[in-house]
$ cat structure-v4.csv   # CSV, C-alpha atoms
chain,number,residue,atom,x,y,z
A,989,MET,CA,89.3,105.0,66.6
A,990,GLU,CA,89.6,103.4,70.0
A,991,LEU,CA,90.1,106.8,71.6
A,992,ALA,CA,86.9,108.0,69.9
A,993,ASP,CA,85.1,105.0,71.3
A,994,HIS,CA,86.2,106.0,74.8
A,995,GLY,CA,84.5,109.4,74.3
A,996,ALA,CA,87.5,111.7,73.7
A,997,LYS,CA,85.8,114.6,71.9
A,998,SER,CA,89.1,115.9,70.6
A,999,ASP,CA,89.6,112.8,68.6
A,1000,ALA,CA,86.2,112.6,67.0
A,1001,PRO,CA,86.9,114.8,64.0
A,1002,LYS,CA,90.0,112.7,63.3
A,1003,GLY,CA,87.9,109.6,63.4
A,1004,VAL,CA,85.3,111.1,61.1
A,1005,GLY,CA,88.0,112.3,58.7
A,1006,ALA,CA,89.7,108.9,58.7
A,1007,TYR,CA,86.4,107.2,58.0
A,1008,LEU,CA,85.6,109.6,55.1
A,1009,MET,CA,89.0,109.0,53.5
A,1010,ALA,CA,88.7,105.2,53.9
A,1011,HIS,CA,85.3,105.3,52.2
A,1012,MET,CA,85.9,108.0,49.7
A,1013,ARG,CA,85.0,105.7,46.8
A,1014,GLU,CA,81.5,105.3,48.1
A,1015,TYR,CA,80.8,108.8,49.4
A,1016,GLY,CA,82.7,110.4,46.4
A,1017,LEU,CA,80.3,108.6,44.0
A,1018,LEU,CA,77.2,109.9,45.8
A,1019,PHE,CA,78.6,113.4,46.0
A,1020,ALA,CA,79.5,113.3,42.3
A,1021,LEU,CA,76.0,112.2,41.3
A,1022,ILE,CA,74.4,115.0,43.4
A,1023,ALA,CA,76.8,117.6,42.1
A,1024,ILE,CA,76.2,116.6,38.4
A,1025,MET,CA,72.4,116.6,38.9
A,1026,VAL,CA,72.5,120.0,40.6
A,1027,PHE,CA,74.7,121.4,37.8
A,1028,PHE,CA,72.5,120.2,35.0
A,1029,GLN,CA,69.3,121.2,36.9
A,1030,VAL,CA,70.7,124.8,37.0
A,1031,VAL,CA,72.1,125.1,33.5
A,1032,THR,CA,68.9,123.5,31.9
A,1033,ASP,CA,66.7,125.9,33.8
A,1034,GLY,CA,65.0,123.1,35.7
A,1035,THR,CA,64.3,120.8,32.7
A,1036,LEU,CA,66.4,117.9,34.1
A,1037,LEU,CA,64.1,117.1,37.0
A,1038,LYS,CA,60.8,117.6,35.3
A,1039,PRO,CA,58.5,114.6,35.6
A,1040,VAL,CA,58.6,113.7,31.9
A,1041,ASN,CA,62.4,114.0,31.8
A,1042,ILE,CA,62.9,111.8,34.9
A,1043,THR,CA,60.7,109.2,33.3
A,1044,ASN,CA,62.8,109.5,30.1
A,1045,LEU,CA,66.0,109.1,32.2
A,1046,PHE,CA,64.8,105.7,33.4
A,1047,LEU,CA,63.5,104.6,30.0
A,1048,GLN,CA,66.7,105.7,28.2
A,1049,ASN,CA,69.1,104.1,30.6
A,1050,SER,CA,67.3,101.0,31.6
A,1051,TYR,CA,69.3,98.7,29.2
A,1052,ILE,CA,72.6,100.3,30.3
A,1053,ILE,CA,71.8,99.7,34.0
A,1054,ILE,CA,70.7,96.1,33.4
A,1055,MET,CA,73.9,95.2,31.5
A,1056,ALA,CA,76.0,97.1,34.1
A,1057,LEU,CA,74.8,94.6,36.7
A,1058,GLY,CA,76.2,91.7,34.6
A,1059,MET,CA,79.3,93.6,33.6
A,1060,LEU,CA,80.2,94.3,37.2
A,1061,VAL,CA,80.2,90.5,38.0
A,1062,VAL,CA,82.4,89.9,34.9
A,1063,ILE,CA,84.8,92.7,35.9
A,1064,VAL,CA,84.9,91.7,39.6
A,1065,SER,CA,85.8,88.2,38.4
A,1066,GLY,CA,88.8,89.6,36.7
A,1067,ASN,CA,87.5,89.6,33.1
A,1068,ILE,CA,85.8,91.9,30.6
A,1069,ASP,CA,83.1,91.6,28.0
A,1070,LEU,CA,83.4,93.8,24.9
A,1071,SER,CA,80.6,92.0,23.0
A,1072,VAL,CA,77.5,93.1,25.0
A,1073,GLY,CA,76.5,95.9,22.6
A,1074,SER,CA,76.6,93.6,19.6
A,1075,VAL,CA,74.8,90.8,21.5
A,1076,MET,CA,72.2,93.3,22.5
A,1077,GLY,CA,71.7,94.4,18.9
A,1078,PHE,CA,71.6,90.8,17.7
A,1079,ILE,CA,69.0,89.7,20.2
A,1080,GLY,CA,66.8,92.7,19.2
A,1081,ALA,CA,67.2,91.7,15.6
A,1082,LEU,CA,66.3,88.1,16.4
A,1083,ALA,CA,63.2,89.2,18.3
A,1084,ALA,CA,62.1,91.4,15.3
A,1085,VAL,CA,62.5,88.5,12.8
A,1086,MET,CA,60.7,86.1,15.1
A,1087,ILE,CA,57.8,88.3,16.0
A,1088,VAL,CA,57.3,90.5,12.9
A,1089,GLU,CA,58.4,88.3,10.0
A,1090,TRP,CA,57.8,84.7,11.4
A,1091,GLY,CA,54.7,85.6,13.5
A,1092,TRP,CA,55.9,83.9,16.7
A,1093,PRO,CA,53.8,84.5,19.8
A,1094,MET,CA,55.5,87.2,21.9
A,1095,PRO,CA,56.1,85.1,25.1
A,1096,LEU,CA,57.7,82.3,23.0
A,1097,ALA,CA,59.9,84.7,21.1
A,1098,VAL,CA,61.0,86.4,24.3
A,1099,LEU,CA,61.9,83.0,25.9
A,1100,ALA,CA,63.8,82.0,22.8
A,1101,CYS,CA,65.8,85.3,22.8
A,1102,LEU,CA,66.7,84.9,26.4
A,1103,LEU,CA,67.9,81.3,25.9
A,1104,THR,CA,69.9,82.5,22.9
A,1105,GLY,CA,71.6,85.1,25.1
A,1106,ILE,CA,72.4,82.4,27.6
A,1107,LEU,CA,73.9,80.2,24.9
A,1108,ILE,CA,76.0,83.1,23.6
A,1109,GLY,CA,77.3,83.8,27.1
A,1110,ALA,CA,78.1,80.1,27.6
A,1111,ALA,CA,80.0,79.9,24.3
A,1112,GLN,CA,82.2,82.8,25.2
A,1113,GLY,CA,82.6,81.8,28.8
A,1114,TYR,CA,83.7,78.3,27.7
A,1115,TRP,CA,86.7,79.7,25.8
A,1116,VAL,CA,87.6,82.0,28.6
A,1117,ALA,CA,87.1,79.7,31.5
A,1118,TYR,CA,88.3,76.3,30.2
A,1119,TRP,CA,90.7,77.2,27.4
A,1120,LYS,CA,92.2,80.2,29.2
A,1121,ILE,CA,91.9,82.5,26.2
A,1122,PRO,CA,91.9,86.1,27.4
A,1123,SER,CA,88.4,87.5,27.7
A,1124,PHE,CA,89.4,90.6,25.8
A,1125,ILE,CA,90.2,88.5,22.7
A,1126,VAL,CA,87.2,86.2,23.0
A,1127,THR,CA,84.6,89.0,23.5
A,1128,LEU,CA,86.3,91.2,20.9
A,1129,ALA,CA,85.7,88.4,18.4
A,1130,GLY,CA,82.2,88.1,19.7
A,1131,MET,CA,81.6,91.8,19.1
A,1132,LEU,CA,82.6,91.4,15.5
A,1133,VAL,CA,80.7,88.1,15.0
A,1134,PHE,CA,77.4,89.3,16.4
A,1135,ARG,CA,77.6,92.7,14.7
A,1136,GLY,CA,77.9,90.8,11.4
A,1137,MET,CA,75.1,88.4,12.3
A,1138,SER,CA,72.8,91.3,13.0
A,1139,LEU,CA,73.4,92.7,9.6
A,1140,TRP,CA,72.9,89.3,8.0
A,1141,LEU,CA,69.7,88.6,10.0
A,1142,LEU,CA,68.1,92.0,9.2
A,1143,GLU,CA,69.5,92.0,5.6
A,1144,GLY,CA,70.8,95.5,6.3
A,1145,GLN,CA,67.3,96.9,6.9
A,1146,SER,CA,65.2,97.9,9.9
A,1147,VAL,CA,62.4,95.5,10.9
A,1148,GLY,CA,59.3,96.6,12.8
A,1149,PRO,CA,57.0,97.8,14.2
A,1150,PHE,CA,56.4,95.4,17.1
A,1151,PRO,CA,53.0,94.6,18.6
A,1152,LYS,CA,51.8,96.6,21.6
A,1153,SER,CA,52.3,93.7,24.0
A,1154,PHE,CA,56.0,93.6,23.1
A,1155,GLN,CA,56.4,97.4,23.4
A,1156,LEU,CA,55.1,97.2,27.0
A,1157,LEU,CA,58.5,95.7,28.0
A,1158,SER,CA,60.0,99.2,27.8
A,1159,THR,CA,57.2,101.8,27.4
A,1160,GLY,CA,54.6,100.3,29.7
A,1161,PHE,CA,53.6,101.7,33.1
A,1162,ILE,CA,52.3,100.1,36.3
A,1163,PRO,CA,48.6,100.9,36.6
A,1164,ASP,CA,47.4,102.8,39.6
A,1165,VAL,CA,45.8,100.0,41.7
A,1166,LEU,CA,44.6,102.6,44.2
A,1167,GLY,CA,42.5,104.3,41.6
A,1168,ILE,CA,43.6,107.8,42.5
A,1169,GLY,CA,44.7,108.8,39.0
A,1170,ARG,CA,46.9,111.8,39.3
A,1171,PRO,CA,49.1,112.0,41.2
A,1172,ASN,CA,49.5,108.2,40.8
A,1173,GLY,CA,48.8,106.7,44.2
A,1174,THR,CA,50.7,103.5,43.5
A,1175,ALA,CA,53.9,105.4,42.7
A,1176,LEU,CA,53.5,107.5,45.9
A,1177,VAL,CA,53.0,104.5,48.1
A,1178,ALA,CA,56.0,102.7,46.4
A,1179,GLY,CA,58.2,105.7,47.2
A,1180,VAL,CA,57.2,105.8,50.8
A,1181,ILE,CA,57.8,102.0,51.2
A,1182,ALA,CA,61.2,102.3,49.5
A,1183,ALA,CA,62.2,105.2,51.7
A,1184,GLY,CA,61.1,103.3,54.8
A,1185,LEU,CA,63.0,100.3,53.7
A,1186,VAL,CA,66.2,102.3,53.3
A,1187,VAL,CA,65.8,103.7,56.9
A,1188,TRP,CA,64.9,100.3,58.4
A,1189,LEU,CA,67.7,98.4,56.7
A,1190,GLY,CA,70.2,101.1,57.7
A,1191,LEU,CA,69.2,101.0,61.3
A,1192,ARG,CA,69.2,97.2,61.3
A,1193,GLU,CA,72.7,97.0,59.9
A,1194,ARG,CA,74.0,99.5,62.5
A,1195,ALA,CA,72.3,97.4,65.3
A,1196,ARG,CA,73.9,94.3,64.0
A,1197,ASN,CA,77.3,95.9,63.7
A,1198,ARG,CA,77.0,97.2,67.3
A,1199,HIS,CA,76.0,93.7,68.5
A,1200,TYR,CA,79.1,92.0,66.9
A,1201,GLY,CA,81.5,94.9,67.8
A,1202,ILE,CA,82.0,95.9,64.1
A,1203,GLU,CA,82.8,99.6,63.5
A,1204,SER,CA,79.9,101.5,61.9
A,1205,GLU,CA,80.0,104.7,60.0
A,1206,PRO,CA,79.8,107.9,62.2
A,1207,THR,CA,76.3,108.8,63.2
A,1208,ALA,CA,76.4,112.1,61.3
A,1209,PHE,CA,77.4,110.3,58.1
A,1210,PHE,CA,74.7,107.7,58.6
A,1211,VAL,CA,72.0,110.3,59.2
A,1212,ALA,CA,73.0,112.5,56.3
A,1213,ARG,CA,73.3,109.6,53.8
A,1214,THR,CA,70.0,108.1,54.9
A,1215,VAL,CA,68.2,111.4,54.7
A,1216,VAL,CA,69.6,112.1,51.2
A,1217,VAL,CA,68.8,108.6,49.8
A,1218,ALA,CA,65.3,108.4,51.4
A,1219,GLY,CA,64.6,112.0,50.3
A,1220,ALA,CA,65.7,111.3,46.8
A,1221,LEU,CA,63.4,108.3,46.6
A,1222,LEU,CA,60.4,110.3,47.8
A,1223,PHE,CA,61.2,113.1,45.4
A,1224,ILE,CA,61.5,110.8,42.4
A,1225,ALA,CA,58.3,108.9,43.4
A,1226,TYR,CA,56.4,112.2,43.6
A,1227,LYS,CA,57.7,113.4,40.2
A,1228,LEU,CA,56.8,110.0,38.6
A,1229,ALA,CA,53.4,110.1,40.2
A,1230,THR,CA,52.6,113.5,38.7
A,1231,PHE,CA,53.3,112.1,35.2
A,1232,ARG,CA,52.4,108.5,34.3
A,1233,GLY,CA,53.5,106.6,37.4
A,1234,LEU,CA,56.0,103.8,37.6
A,1235,PRO,CA,57.6,102.5,34.3
A,1236,ASN,CA,57.7,98.8,33.9
A,1237,VAL,CA,61.5,98.9,33.3
A,1238,LEU,CA,62.0,100.8,36.6
A,1239,ILE,CA,60.4,97.8,38.5
A,1240,SER,CA,62.6,95.4,36.5
A,1241,MET,CA,65.7,97.4,37.3
A,1242,VAL,CA,64.9,97.7,41.0
A,1243,VAL,CA,64.2,93.9,41.3
A,1244,LEU,CA,67.4,93.0,39.5
A,1245,THR,CA,69.5,95.4,41.5
A,1246,VAL,CA,68.2,94.1,44.8
A,1247,VAL,CA,68.7,90.5,43.7
A,1248,TYR,CA,72.3,91.0,42.4
A,1249,ALA,CA,73.2,93.2,45.4
A,1250,PHE,CA,72.0,90.4,47.7
A,1251,ILE,CA,73.9,87.7,45.8
A,1252,THR,CA,77.2,89.6,45.6
A,1253,GLU,CA,77.2,90.8,49.2
A,1254,ASN,CA,75.4,88.2,51.2
A,1255,THR,CA,76.0,84.8,49.6
A,1256,THR,CA,78.9,82.3,49.4
A,1257,LEU,CA,78.7,82.6,45.6
A,1258,GLY,CA,79.2,86.3,45.8
A,1259,ARG,CA,82.2,86.0,48.1
A,1260,ARG,CA,83.7,83.4,45.8
A,1261,ILE,CA,83.4,85.7,42.8
A,1262,TYR,CA,85.3,88.5,44.7
A,1263,ALA,CA,87.9,86.0,45.7
A,1264,LEU,CA,88.3,84.8,42.1
A,1265,GLY,CA,88.9,88.4,41.0
A,1266,GLY,CA,91.2,89.2,43.9
A,1267,ASN,CA,93.6,86.3,43.4
A,1268,GLN,CA,92.6,83.5,41.0
A,1269,LYS,CA,95.4,81.2,42.1
A,1270,ALA,CA,94.7,81.6,45.8
A,1271,ALA,CA,91.0,81.1,45.1
A,1272,LYS,CA,91.7,77.8,43.2
A,1273,LEU,CA,94.0,76.5,45.9
A,1274,SER,CA,91.3,77.2,48.5
A,1275,GLY,CA,88.9,74.9,46.7
A,1276,ILE,CA,86.9,77.4,44.7
A,1277,LYS,CA,86.0,76.1,41.2
A,1278,THR,CA,87.3,79.1,39.4
A,1279,GLU,CA,86.5,77.8,35.9
A,1280,ARG,CA,82.9,77.2,36.7
A,1281,LEU,CA,82.5,80.7,38.3
A,1282,THR,CA,84.1,82.4,35.3
A,1283,PHE,CA,81.8,80.4,33.0
A,1284,LEU,CA,78.7,81.4,35.0
A,1285,ALA,CA,79.7,85.0,35.0
A,1286,PHE,CA,79.6,85.1,31.2
A,1287,VAL,CA,76.4,83.1,31.1
A,1288,ASN,CA,74.8,85.7,33.3
A,1289,MET,CA,76.2,88.5,31.2
A,1290,GLY,CA,74.7,86.9,28.1
A,1291,LEU,CA,71.3,86.6,29.7
A,1292,LEU,CA,71.3,90.2,30.8
A,1293,ALA,CA,72.5,91.4,27.4
A,1294,ALA,CA,69.6,89.5,25.8
A,1295,LEU,CA,67.1,91.1,28.2
A,1296,ALA,CA,68.6,94.6,27.5
A,1297,GLY,CA,68.3,93.8,23.8
A,1298,LEU,CA,64.6,93.1,24.1
A,1299,ILE,CA,64.0,96.2,26.1
A,1300,PHE,CA,66.0,98.4,23.7
A,1301,ALA,CA,64.1,97.0,20.7
A,1302,ALA,CA,60.8,97.5,22.4
A,1303,ARG,CA,61.6,101.1,23.2
A,1304,LEU,CA,62.6,101.9,19.6
A,1305,ASN,CA,59.7,99.8,18.3
A,1306,THR,CA,62.0,98.5,15.6
A,1307,ALA,CA,65.2,96.5,15.2
A,1308,THR,CA,68.0,98.3,13.3
A,1309,PRO,CA,71.4,97.0,12.1
A,1310,LYS,CA,73.2,99.7,14.1
A,1311,ALA,CA,71.4,98.9,17.4
A,1312,GLY,CA,73.8,98.5,20.2
A,1313,PHE,CA,76.8,100.1,18.5
A,1314,ALA,CA,79.4,101.2,21.0
A,1315,VAL,CA,76.9,100.6,23.9
A,1316,GLU,CA,79.5,98.3,25.5
A,1317,LEU,CA,81.7,101.4,26.1
A,1318,ASP,CA,78.9,103.1,28.1
A,1319,VAL,CA,78.3,99.9,30.1
A,1320,ILE,CA,82.0,99.4,30.9
A,1321,ALA,CA,82.4,103.1,31.7
A,1322,ALA,CA,79.4,103.0,34.1
A,1323,VAL,CA,81.0,100.1,36.0
A,1324,PHE,CA,84.4,101.7,36.3
A,1325,ILE,CA,82.9,105.1,37.3
A,1326,GLY,CA,80.9,103.2,39.9
A,1327,GLY,CA,84.1,102.1,41.7
A,1328,ALA,CA,85.0,98.8,40.2
A,1329,SER,CA,88.7,98.0,39.9
A,1330,MET,CA,90.5,97.2,36.6
A,1331,SER,CA,92.3,94.3,38.3
A,1332,GLY,CA,89.1,92.7,39.6
A,1333,GLY,CA,87.9,91.8,43.1
A,1334,VAL,CA,86.5,95.2,43.9
A,1335,GLY,CA,83.2,96.8,43.1
A,1336,LYS,CA,79.6,96.9,44.2
A,1337,ILE,CA,76.3,96.5,42.4
A,1338,VAL,CA,74.9,99.8,43.8
A,1339,GLY,CA,78.1,101.6,42.6
A,1340,ALA,CA,77.6,100.2,39.1
A,1341,VAL,CA,74.0,101.5,39.1
A,1342,VAL,CA,75.0,104.9,40.3
A,1343,GLY,CA,77.8,105.0,37.7
A,1344,ALA,CA,75.2,104.2,35.0
A,1345,PHE,CA,73.0,107.0,36.3
A,1346,ILE,CA,76.0,109.4,36.3
A,1347,MET,CA,76.5,108.6,32.6
A,1348,GLY,CA,72.8,108.8,31.9
A,1349,VAL,CA,72.4,112.2,33.6
A,1350,MET,CA,75.4,113.5,31.7
A,1351,ASN,CA,74.1,112.3,28.4
A,1352,ASN,CA,70.6,113.7,29.0
A,1353,GLY,CA,71.8,117.0,30.4
A,1354,MET,CA,74.3,117.6,27.6
A,1355,SER,CA,71.6,116.8,25.0
A,1356,ILE,CA,69.2,119.3,26.6
A,1357,MET,CA,71.9,121.9,26.5
A,1358,GLY,CA,72.4,121.2,22.8
A,1359,ILE,CA,76.0,120.1,23.2
A,1360,GLY,CA,77.2,118.1,20.1
A,1361,ILE,CA,77.8,114.4,20.2
A,1362,ASP,CA,81.5,115.1,19.5
A,1363,TYR,CA,81.9,117.1,22.7
A,1364,GLN,CA,79.8,114.6,24.6
A,1365,GLN,CA,82.2,111.8,23.7
A,1366,VAL,CA,85.2,113.9,24.8
A,1367,ILE,CA,83.6,114.8,28.1
A,1368,LYS,CA,82.5,111.2,28.9
A,1369,GLY,CA,86.0,110.0,28.0
A,1370,LEU,CA,87.6,112.4,30.4
A,1371,VAL,CA,85.1,111.4,33.2
A,1372,LEU,CA,86.1,107.8,32.7
A,1373,LEU,CA,89.8,108.6,32.8
A,1374,ALA,CA,89.3,110.5,36.0
A,1375,ALA,CA,87.4,107.6,37.6
A,1376,VAL,CA,90.2,105.1,36.6
A,1377,PHE,CA,92.9,107.6,37.8
A,1378,PHE,CA,91.0,107.8,41.2
A,1379,ASP,CA,91.1,104.1,41.5
A,1380,VAL,CA,94.8,103.9,40.7
A,1381,TYR,CA,95.6,106.8,43.0
A,1382,ASN,CA,93.7,105.1,45.9
A,1383,LYS,CA,95.6,101.9,45.4
A,1384,SER,CA,99.0,103.6,45.3
A,1385,LYS,CA,98.2,105.3,48.7
A,1386,GLN,CA,97.1,102.1,50.2
A,1387,GLY,CA,100.2,100.3,48.9
$ encode --input "structure-v4.csv" --output "structure tokens"
Amino acid sequence: MELADHGAKSDAPKGVGAYLMAHMREYGLLFALIAIMVFFQVVTDGTLLKPVNITNLFLQNSYIIIMALGMLVVIVSGNIDLSVGSVMGFIGALAAVMIVEWGWPMPLAVLACLLTGILIGAAQGYWVAYWKIPSFIVTLAGMLVFRGMSLWLLEGQSVGPFPKSFQLLSTGFIPDVLGIGRPNGTALVAGVIAAGLVVWLGLRERARNRHYGIESEPTAFFVARTVVVAGALLFIAYKLATFRGLPNVLISMVVLTVVYAFITENTTLGRRIYALGGNQKAAKLSGIKTERLTFLAFVNMGLLAALAGLIFAARLNTATPKAGFAVELDVIAAVFIGGASMSGGVGKIVGAVVGAFIMGVMNNGMSIMGIGIDYQQVIKGLVLLAAVFFDVYNKSKQG
């Protein structure tokens, strides 16, 4: 790389190749998402990227993405949570009973459900953090407990429908404040702003790296990646604008993704979580309160699982005893496909979100094609296995 910095043209390809291999996890994920979308766009005769289907992709995968944010933090800390699907279903059932049967006001019921999710996460985190019981066992027990509690709370029956105000959590759309109508002006402006932010943040980071003498990605990679991401944002914004505009859940997902990406990558708390997952004993010896961090990771997961439960129930407009069944598998798979390591200490929020979209596009595309659920499960299992193999292979090369 030093020779490349001195301007030796013959060494430039080597430097680019070395950079690509060193960052294959990040670029490979982006290439995989693009390839999968192009494939399903072709085989579904253009149905995948129609405005209504793009909107459905966001609505269908919102709760997976929200829980993937929390699951990434848990996995990076060196743990796992198998109970998120059951907790999601239980919170949806609790909301239905509170609002539909007990007549609670919607804001009060939502607050109570979120607090319940926090308490569930705290209870599980307590056993993992302070009693050193493996998270696999604690959350497996939680999965069974809250699955049973959902059945008990709903008495084995579906409860609904919800009032319109509650349904807006999932199925509502941001009104066009510009008053254009169609295409939705607010969605178009939001897309332009988002694309502009991507370009500006990328240029700012490169300038900062140059100032501190930190190696940046090759210019060709930076330009290509920025053009692809900014172009995708503009494309999606235009597609949404020609339908009903920006879904409420999309705004929630974007805000949460930005907040969690900032916390994990730019704060002391985030660095300590990665240190905890990388080497717990070393982190403890360096003064990090590992028990408290582990506890907070599960509290955070409980909160996001509760939020996902509310959104899922609002989308279905009813709470069912089977809600959330096996959802934890999709959430965990999204995080691992997104580049998180099984041993902890490795993974990014953006990767988890992209991994969730990969799973969502595959589910949606295969459903449009009419592929049976049996084959869908097989294909998703093979994709997850390939992602984990890629992680192990990379580690063996580095070792």
$ residues_around --input "structure-v4.csv" --residues "stretch 1309-1314 of chain A" --least-positions-apart "3" --cutoff "7 Å" --atoms "all atoms listed in the file" --output "PDB file with C-alpha atoms, in the frame of the given file"
ATOM      1  CA  GLY A1073      76.500  95.900  22.600  1.00  0.00           C
ATOM      2  CA  SER A1074      76.600  93.600  19.600  1.00  0.00           C
ATOM      3  CA  MET A1076      72.200  93.300  22.500  1.00  0.00           C
ATOM      4  CA  GLY A1077      71.700  94.400  18.900  1.00  0.00           C
ATOM      5  CA  SER A1138      72.800  91.300  13.000  1.00  0.00           C
ATOM      6  CA  LEU A1139      73.400  92.700   9.600  1.00  0.00           C
ATOM      7  CA  LEU A1142      68.100  92.000   9.200  1.00  0.00           C
ATOM      8  CA  GLY A1144      70.800  95.500   6.300  1.00  0.00           C
ATOM      9  CA  GLN A1145      67.300  96.900   6.900  1.00  0.00           C
ATOM     10  CA  SER A1146      65.200  97.900   9.900  1.00  0.00           C
ATOM     11  CA  LEU A1317      81.700 101.400  26.100  1.00  0.00           C
TER      12      LEU A1317
END
$ atom_distance --input "structure-v4.csv" --atom1 "atom CA of A:Ala1301" --atom2 "atom CA of A:Asn1044"
15.7 Å
$ residues_around --input "structure-v4.csv" --residues "A:Ala1229" --least-positions-apart "4" --cutoff "7 Å" --atoms "all atoms listed in the file" --output "ChimeraX atom specification"
/A:1170-1173,1175-1176,1225,1233
$ atom_distance --input "structure-v4.csv" --atom1 "atom CA of A:Leu1304" --atom2 "atom CA of A:Leu1234"
19.3 Å
$ atom_distance --input "structure-v4.csv" --atom1 "atom CA of A:Asn1067" --atom2 "atom CA of A:Gly1348"
24.2 Å
$ closest_atom_pairs --input "structure-v4.csv" --of "stretch 1023-1103 of chain A" --to "stretch 1153-1158 of chain A" --cutoff "10 Å" --atoms "all atoms listed in the file" --output "JSON lines"
{"residue": "A:Phe1046", "atom": "CA", "partner": "A:Ser1158", "partner_atom": "CA", "distance": 9.8}
{"residue": "A:Leu1047", "atom": "CA", "partner": "A:Ser1158", "partner_atom": "CA", "distance": 6.8}
{"residue": "A:Gln1048", "atom": "CA", "partner": "A:Ser1158", "partner_atom": "CA", "distance": 9.3}
{"residue": "A:Ser1050", "atom": "CA", "partner": "A:Ser1158", "partner_atom": "CA", "distance": 8.4}
{"residue": "A:Tyr1051", "atom": "CA", "partner": "A:Ser1158", "partner_atom": "CA", "distance": 9.4}
{"residue": "A:Ala1083", "atom": "CA", "partner": "A:Phe1154", "partner_atom": "CA", "distance": 9.7}
{"residue": "A:Ile1087", "atom": "CA", "partner": "A:Phe1154", "partner_atom": "CA", "distance": 9.0}
{"residue": "A:Pro1093", "atom": "CA", "partner": "A:Phe1154", "partner_atom": "CA", "distance": 9.9}
{"residue": "A:Met1094", "atom": "CA", "partner": "A:Phe1154", "partner_atom": "CA", "distance": 6.5}
{"residue": "A:Pro1095", "atom": "CA", "partner": "A:Phe1154", "partner_atom": "CA", "distance": 8.7}
{"residue": "A:Ala1097", "atom": "CA", "partner": "A:Phe1154", "partner_atom": "CA", "distance": 9.9}
{"residue": "A:Val1098", "atom": "CA", "partner": "A:Phe1154", "partner_atom": "CA", "distance": 8.8}
$ closest_residue --input "structure-v4.csv" --among "A:Val1031, A:Leu1238, A:Ala1322, A:Val1147" --to "A:Val1085" --atoms "all atoms listed in the file"
A:Val1147
$ closest_atom_pairs --input "structure-v4.csv" --of "stretch 1210-1316 of chain A" --to "stretch 1114-1120 of chain A" --cutoff "9 Å" --atoms "all atoms listed in the file" --output "CSV"
residue,atom,partner,partner_atom,distance
A:Thr1278,CA,A:Ala1117,CA,7.9
A:Glu1279,CA,A:Ala1117,CA,4.8
A:Arg1280,CA,A:Ala1117,CA,7.1
A:Leu1281,CA,A:Ala1117,CA,8.3
A:Thr1282,CA,A:Ala1117,CA,5.5
A:Phe1283,CA,A:Ala1117,CA,5.6
A:Phe1286,CA,A:Tyr1114,CA,8.7
$ closest_residue --input "structure-v4.csv" --among "A:Asn1049, A:Ser1240, A:Ser1071, A:Thr1159" --to "A:Ala1302" --atoms "only C-alpha atoms"
A:Thr1159
$ closest_residue --input "structure-v4.csv" --among "A:Thr1308, A:Phe1019, A:Ser1384, A:Ala1270" --to "A:Trp1140" --atoms "all atoms listed in the file"
A:Thr1308
$ closest_residue --input "structure-v4.csv" --among "A:Leu1222, A:Ala1249, A:Val1026, A:Val1216" --to "A:Ala1182" --atoms "all atoms listed in the file"
A:Leu1222
$ residues_near_point --input "structure-v4.csv" --point "(78.7, 96.5, 26.1)" --cutoff "12 Å" --atoms "all atoms listed in the file" --output "compact mmCIF listing (two decimals) with C-alpha atoms, in the frame of the given file"
# COMPACT_ATOMS: atom_id res chain seq x y z
CA TYR A 1051 69.30 98.70 29.20
CA ILE A 1052 72.60 100.30 30.30
CA ILE A 1053 71.80 99.70 34.00
CA ILE A 1054 70.70 96.10 33.40
CA MET A 1055 73.90 95.20 31.50
CA ALA A 1056 76.00 97.10 34.10
CA LEU A 1057 74.80 94.60 36.70
CA GLY A 1058 76.20 91.70 34.60
CA MET A 1059 79.30 93.60 33.60
CA LEU A 1060 80.20 94.30 37.20
CA VAL A 1062 82.40 89.90 34.90
CA ILE A 1068 85.80 91.90 30.60
CA ASP A 1069 83.10 91.60 28.00
CA LEU A 1070 83.40 93.80 24.90
CA SER A 1071 80.60 92.00 23.00
CA VAL A 1072 77.50 93.10 25.00
CA GLY A 1073 76.50 95.90 22.60
CA SER A 1074 76.60 93.60 19.60
CA VAL A 1075 74.80 90.80 21.50
CA MET A 1076 72.20 93.30 22.50
CA GLY A 1077 71.70 94.40 18.90
CA THR A 1127 84.60 89.00 23.50
CA LEU A 1128 86.30 91.20 20.90
CA GLY A 1130 82.20 88.10 19.70
CA MET A 1131 81.60 91.80 19.10
CA MET A 1289 76.20 88.50 31.20
CA GLY A 1290 74.70 86.90 28.10
CA LEU A 1292 71.30 90.20 30.80
CA ALA A 1293 72.50 91.40 27.40
CA ALA A 1294 69.60 89.50 25.80
CA ALA A 1296 68.60 94.60 27.50
CA GLY A 1297 68.30 93.80 23.80
CA ALA A 1311 71.40 98.90 17.40
CA GLY A 1312 73.80 98.50 20.20
CA PHE A 1313 76.80 100.10 18.50
CA ALA A 1314 79.40 101.20 21.00
CA VAL A 1315 76.90 100.60 23.90
CA GLU A 1316 79.50 98.30 25.50
CA LEU A 1317 81.70 101.40 26.10
CA ASP A 1318 78.90 103.10 28.10
CA VAL A 1319 78.30 99.90 30.10
CA ILE A 1320 82.00 99.40 30.90
CA ALA A 1321 82.40 103.10 31.70
CA ALA A 1322 79.40 103.00 34.10
CA VAL A 1323 81.00 100.10 36.00
$ closest_residue --input "structure-v4.csv" --among "A:Asn1351, A:Trp1092, A:Val1338, A:Ser1065" --to "A:Glu1253" --atoms "all atoms listed in the file"
A:Val1338
$ closest_residue --input "structure-v4.csv" --among "A:Ala1081, A:Ile1337, A:Ser1329, A:Leu1298" --to "A:Phe1250" --atoms "only C-alpha atoms"
A:Ile1337
